[in-house]
Amino acid sequence: MRKLITIGFAAISAAVIFGAWVQSDNGKAGYTNSPSENNCTSCHNSYALNSGGGSIYLTSTMSNWQYVPGTTYTINVVVKKTGLSLFGFDIEALTSANANAGTLVITNTTKTQLKNATVGGVARINVVHKSNGGASSDSSVFSFNWTAPTTNIGNVTLYYTGAATNNDGNETYDYIYSGSRLVTPMVSTY
């Protein structure tokens with residue numbers, strides 16, 4: 001009898017721990033809608049992608065979305081949807097061959113973190129939200145730094161997805177927005 005109780009307790013404990021991991025509102029890497037990746041609608045699937053009147057967009061300290069090799073830029077991810085109170089995101093920077101491009105640097109450890117997702121044998125580095133890092137009314141801004149590659153490697157694409165959620169602890173009735181931004185090397189004019 002004691003053995004059955006011990007096995008039962010272990011099974012329940014494992015289910016609770018696994019359930020907490022699956023239900024975690026920490027960001028997950030690998031959902032940027034980039035080549036060979038899904039977006040967050042694979043879990044938050046009540047509404048079609050980019051529907052419901054919200055948005056996601058990027059701003060940056062880069063001039064005209066052009067990079068100078070080795071230069072560090074601040075990038076802001078803005079997720080908006082009126083009436084909602086918890087927001088999240090996932091972003092990565094990839095070369096035209098879908099490899100990591102440059103270096104992603106966390107500047108706000110309360111709201112953001114780095115995570116990896118292995119896609120096609122490559123560990124893609126992502127910046128994602130932390131649990132409750134995007135708690136605010138109607139929108140949230142997530143900032144981080146991106147250091148451009150040390151040499152001109154050609155075009156870089158930032159792939160990103162954002163979640164505007166109703167903060168009910170479930171993955172239903174949340175809105176998902178996605179986009180991409182081409183970043184080109186700055187061409188010298190001298």
# chains A, B, ... in the order shown; residues from 1 in each chain; ligands from 1
>>> residues_around(residues="Ser63 in chain A", least_positions_apart="2", cutoff="12 Å", atoms="only C-alpha atoms", output="PyMOL selection string")
chain A and resi 59-61+65-68+71+73-75+183-187
>>> residues_around(residues="Thr112 in chain A", least_positions_apart="2", cutoff="8 Å", atoms="only C-alpha atoms", output="PyMOL selection string")
chain A and resi 106-110+114+127-130+133+142-144
>>> write_last_selection(atoms="N, CA, C and O atoms", output="CSV table (one decimal), in the first residue's frame")
chain,number,residue,atom,x,y,z
A,106,ILE,N,20.5,41.7,-23.3
A,106,ILE,CA,19.5,42.1,-22.4
A,106,ILE,C,19.8,43.3,-21.7
A,106,ILE,O,20.9,43.4,-21.1
A,107,THR,N,18.9,44.3,-21.7
A,107,THR,CA,19.2,45.6,-21.0
A,107,THR,C,18.2,45.8,-19.9
A,107,THR,O,18.3,46.7,-19.1
A,108,ASN,N,17.1,45.0,-19.8
A,108,ASN,CA,16.1,45.1,-18.8
A,108,ASN,C,15.8,43.7,-18.3
A,108,ASN,O,14.9,43.0,-18.9
A,109,THR,N,16.4,43.2,-17.2
A,109,THR,CA,16.3,41.8,-16.8
A,109,THR,C,14.9,41.6,-16.1
A,109,THR,O,14.6,40.4,-15.8
A,110,THR,N,14.2,42.6,-15.8
A,110,THR,CA,12.9,42.5,-15.2
A,110,THR,C,11.8,42.0,-16.3
A,110,THR,O,10.9,41.3,-16.0
A,114,LEU,N,17.1,36.0,-22.5
A,114,LEU,CA,17.5,35.3,-23.7
A,114,LEU,C,17.1,33.8,-23.6
A,114,LEU,O,17.3,33.2,-22.5
A,127,VAL,N,15.2,36.8,-27.9
A,127,VAL,CA,14.9,37.6,-26.8
A,127,VAL,C,13.4,37.4,-26.6
A,127,VAL,O,12.6,37.5,-27.6
A,128,VAL,N,13.0,37.1,-25.4
A,128,VAL,CA,11.6,36.8,-25.1
A,128,VAL,C,11.2,37.5,-23.8
A,128,VAL,O,12.1,38.0,-23.0
A,129,HIS,N,9.9,37.6,-23.5
A,129,HIS,CA,9.5,38.3,-22.3
A,129,HIS,C,9.6,37.4,-21.1
A,129,HIS,O,9.7,36.2,-21.2
A,130,LYS,N,9.7,38.0,-19.9
A,130,LYS,CA,9.7,37.2,-18.6
A,130,LYS,C,8.3,37.2,-18.1
A,130,LYS,O,7.4,38.0,-18.5
A,133,GLY,N,6.4,40.3,-17.3
A,133,GLY,CA,7.3,41.4,-17.8
A,133,GLY,C,6.5,42.4,-18.6
A,133,GLY,O,6.9,43.6,-18.7
A,142,PHE,N,9.1,46.5,-24.9
A,142,PHE,CA,10.2,45.6,-24.5
A,142,PHE,C,11.5,46.1,-25.2
A,142,PHE,O,11.5,46.2,-26.4
A,143,SER,N,12.5,46.5,-24.5
A,143,SER,CA,13.7,47.0,-25.1
A,143,SER,C,14.9,46.1,-24.8
A,143,SER,O,15.0,45.4,-23.8
A,144,PHE,N,15.8,46.0,-25.8
A,144,PHE,CA,17.0,45.3,-25.7
A,144,PHE,C,18.0,45.9,-26.7
A,144,PHE,O,17.7,46.8,-27.5
>>> atom_distance(atom1="CA of Asp168 in chain A", atom2="CA of Leu84 in chain A")
10.6 Å
>>> closest_residue(among="A:Ala117, A:Ala97, A:Val105, A:Ile56", to="Lys28 in chain A", atoms="only C-alpha atoms")
A:Ala117
>>> closest_atom_pairs(of="range 49-104 of chain A", to="range 40-43 of chain A", cutoff="12 Å", atoms="only C-alpha atoms", output="JSON lines")
{"residue": "A:Leu49", "atom": "CA", "partner": "A:Thr41", "partner_atom": "CA", "distance": 6.8}
{"residue": "A:Asn50", "atom": "CA", "partner": "A:Thr41", "partner_atom": "CA", "distance": 10.0}
{"residue": "A:Ser51", "atom": "CA", "partner": "A:Thr41", "partner_atom": "CA", "distance": 11.4}
{"residue": "A:Gly88", "atom": "CA", "partner": "A:Cys40", "partner_atom": "CA", "distance": 10.0}
{"residue": "A:Phe89", "atom": "CA", "partner": "A:Cys40", "partner_atom": "CA", "distance": 9.0}
{"residue": "A:Asp90", "atom": "CA", "partner": "A:Cys40", "partner_atom": "CA", "distance": 8.9}
{"residue": "A:Ile91", "atom": "CA", "partner": "A:Cys40", "partner_atom": "CA", "distance": 11.7}
>>> write_last_selection(atoms="N, CA and C atoms", output="mmCIF file, in the first residue's frame")
data_model
loop_
_atom_site.group_PDB
_atom_site.id
_atom_site.type_symbol
_atom_site.label_atom_id
_atom_site.label_comp_id
_atom_site.auth_asym_id
_atom_site.auth_seq_id
_atom_site.Cartn_x
_atom_site.Cartn_y
_atom_site.Cartn_z
ATOM 1 N N LEU A 49 -4.083 35.061 -36.859
ATOM 2 C CA LEU A 49 -2.883 35.883 -36.722
ATOM 3 C C LEU A 49 -3.152 37.295 -37.247
ATOM 4 N N ASN A 50 -2.677 38.296 -36.515
ATOM 5 C CA ASN A 50 -2.786 39.717 -36.887
ATOM 6 C C ASN A 50 -4.227 40.200 -37.018
ATOM 7 N N SER A 51 -5.124 39.679 -36.184
ATOM 8 C CA SER A 51 -6.516 40.119 -36.207
ATOM 9 C C SER A 51 -6.862 40.856 -34.915
ATOM 10 N N GLY A 88 3.398 39.902 -24.379
ATOM 11 C CA GLY A 88 4.636 39.147 -24.481
ATOM 12 C C GLY A 88 5.163 39.212 -25.894
ATOM 13 N N PHE A 89 6.373 38.689 -26.105
ATOM 14 C CA PHE A 89 6.972 38.740 -27.437
ATOM 15 C C PHE A 89 8.096 37.724 -27.556
ATOM 16 N N ASP A 90 8.537 37.527 -28.795
ATOM 17 C CA ASP A 90 9.672 36.681 -29.147
ATOM 18 C C ASP A 90 10.296 37.299 -30.393
ATOM 19 N N ILE A 91 11.613 37.482 -30.412
ATOM 20 C CA ILE A 91 12.292 38.083 -31.563
ATOM 21 C C ILE A 91 13.647 37.424 -31.760
#
>>> closest_residue(among="A:Leu58, A:Ala48, A:Ala99, A:Ile125", to="Ile153 in chain A", atoms="only C-alpha atoms")
A:Ala99
>>> residues_around(residues="Leu94 in chain A", least_positions_apart="5", cutoff="9 Å", atoms="only C-alpha atoms", output="ChimeraX atom specification")
/A:34,99-102,124,155-159
>>> write_last_selection(atoms="all heavy atoms", output="CSV table (one decimal), in the first residue's frame")
chain,number,residue,atom,x,y,z
A,34,SER,N,9.6,32.9,-38.2
A,34,SER,CA,10.7,32.9,-39.2
A,34,SER,C,10.7,31.6,-40.0
A,34,SER,O,9.9,30.7,-39.7
A,34,SER,CB,12.0,33.1,-38.5
A,34,SER,OG,12.3,32.0,-37.6
A,99,ALA,N,20.9,31.8,-40.1
A,99,ALA,CA,21.8,31.7,-38.9
A,99,ALA,C,21.7,32.9,-38.0
A,99,ALA,O,21.2,34.0,-38.5
A,99,ALA,CB,23.2,31.5,-39.4
A,100,ASN,N,22.1,32.8,-36.8
A,100,ASN,CA,22.1,34.0,-35.9
A,100,ASN,C,22.9,35.1,-36.5
A,100,ASN,O,24.0,34.9,-37.1
A,100,ASN,CB,22.6,33.7,-34.5
A,100,ASN,CG,21.8,32.7,-33.8
A,100,ASN,OD1,20.6,32.9,-33.7
A,100,ASN,ND2,22.4,31.6,-33.3
A,101,ALA,N,22.4,36.4,-36.4
A,101,ALA,CA,23.1,37.5,-36.9
A,101,ALA,C,23.3,38.5,-35.8
A,101,ALA,O,22.4,39.0,-35.2
A,101,ALA,CB,22.3,38.2,-38.0
A,102,GLY,N,24.6,38.8,-35.5
A,102,GLY,CA,24.9,39.8,-34.5
A,102,GLY,C,24.7,39.2,-33.1
A,102,GLY,O,24.6,38.0,-32.9
A,124,ARG,N,19.0,28.9,-32.4
A,124,ARG,CA,18.7,30.3,-32.6
A,124,ARG,C,18.5,31.0,-31.3
A,124,ARG,O,17.8,30.5,-30.4
A,124,ARG,CB,17.4,30.4,-33.5
A,124,ARG,CG,17.6,29.9,-34.9
A,124,ARG,CD,16.3,30.0,-35.7
A,124,ARG,NE,16.5,29.6,-37.1
A,124,ARG,CZ,15.5,29.5,-38.0
A,124,ARG,NH1,14.3,29.9,-37.6
A,124,ARG,NH2,15.8,29.1,-39.2
A,155,ASN,N,22.3,41.4,-45.7
A,155,ASN,CA,21.0,41.7,-45.0
A,155,ASN,C,20.8,40.8,-43.8
A,155,ASN,O,21.2,39.6,-43.8
A,155,ASN,CB,19.8,41.5,-46.0
A,155,ASN,CG,19.9,42.5,-47.1
A,155,ASN,OD1,20.5,43.6,-47.0
A,155,ASN,ND2,19.2,42.2,-48.2
A,156,VAL,N,20.1,41.4,-42.8
A,156,VAL,CA,19.7,40.7,-41.6
A,156,VAL,C,18.2,40.9,-41.5
A,156,VAL,O,17.7,42.0,-41.8
A,156,VAL,CB,20.4,41.2,-40.4
A,156,VAL,CG1,19.8,40.7,-39.1
A,156,VAL,CG2,21.9,41.0,-40.5
A,157,THR,N,17.5,39.9,-41.1
A,157,THR,CA,16.0,40.0,-40.9
A,157,THR,C,15.7,39.8,-39.4
A,157,THR,O,16.1,38.8,-38.8
A,157,THR,CB,15.2,39.0,-41.8
A,157,THR,OG1,15.6,39.2,-43.1
A,157,THR,CG2,13.7,39.2,-41.6
A,158,LEU,N,15.0,40.7,-38.8
A,158,LEU,CA,14.4,40.6,-37.5
A,158,LEU,C,13.0,40.0,-37.6
A,158,LEU,O,12.2,40.6,-38.3
A,158,LEU,CB,14.3,41.9,-36.8
A,158,LEU,CG,15.7,42.6,-36.6
A,158,LEU,CD1,15.4,44.1,-36.1
A,158,LEU,CD2,16.6,41.9,-35.7
A,159,TYR,N,12.8,38.8,-37.1
A,159,TYR,CA,11.5,38.1,-37.1
A,159,TYR,C,11.0,38.2,-35.7
A,159,TYR,O,11.7,38.0,-34.7
A,159,TYR,CB,11.7,36.6,-37.5
A,159,TYR,CG,12.1,36.4,-38.9
A,159,TYR,CD1,13.5,36.2,-39.2
A,159,TYR,CD2,11.2,36.4,-39.9
A,159,TYR,CE1,13.9,35.9,-40.4
A,159,TYR,CE2,11.6,36.2,-41.2
A,159,TYR,CZ,13.0,35.9,-41.5
A,159,TYR,OH,13.4,35.7,-42.8
>>> residues_around(residues="Ser136 in chain A", least_positions_apart="4", cutoff="8 Å", atoms="only C-alpha atoms", output="list in words")
Ser85, Leu86, Phe87 and Ser140 of chain A
>>> closest_residue(among="A:Gly70, A:Leu182, A:Asn76, A:Tyr160", to="Asn33 in chain A", atoms="only C-alpha atoms")
A:Tyr160
>>> closest_residue(among="A:Thr151, A:Thr172, A:Asn26, A:Gln113", to="Tyr47 in chain A", atoms="only C-alpha atoms")
A:Thr172
>>> closest_residue(among="A:Thr72, A:Gly169, A:Gly53, A:Glu92", to="Tyr31 in chain A", atoms="only C-alpha atoms")
A:Glu92
>>> select_by_dssp(residues="range 13-190 of chain A", states="strand (DSSP E)", output="number ranges by chain")
A: 55-60, 66-67, 72-80, 86-95, 103-106, 112-119, 122-129, 139-147, 156-165, 175-185
>>> atom_distance(atom1="CA of Thr118 in chain A", atom2="CA of Glu37 in chain A")
10.0 Å
>>> select_by_dssp(residues="range 22-160 of chain A", states="helix (DSSP H, G or I)", output="list in words")
Val22, Gln23, Cys40, Thr41 and Ser42 of chain A
>>> atom_distance(atom1="CA of Ser55 in chain A", atom2="CA of Ala164 in chain A")
8.7 Å
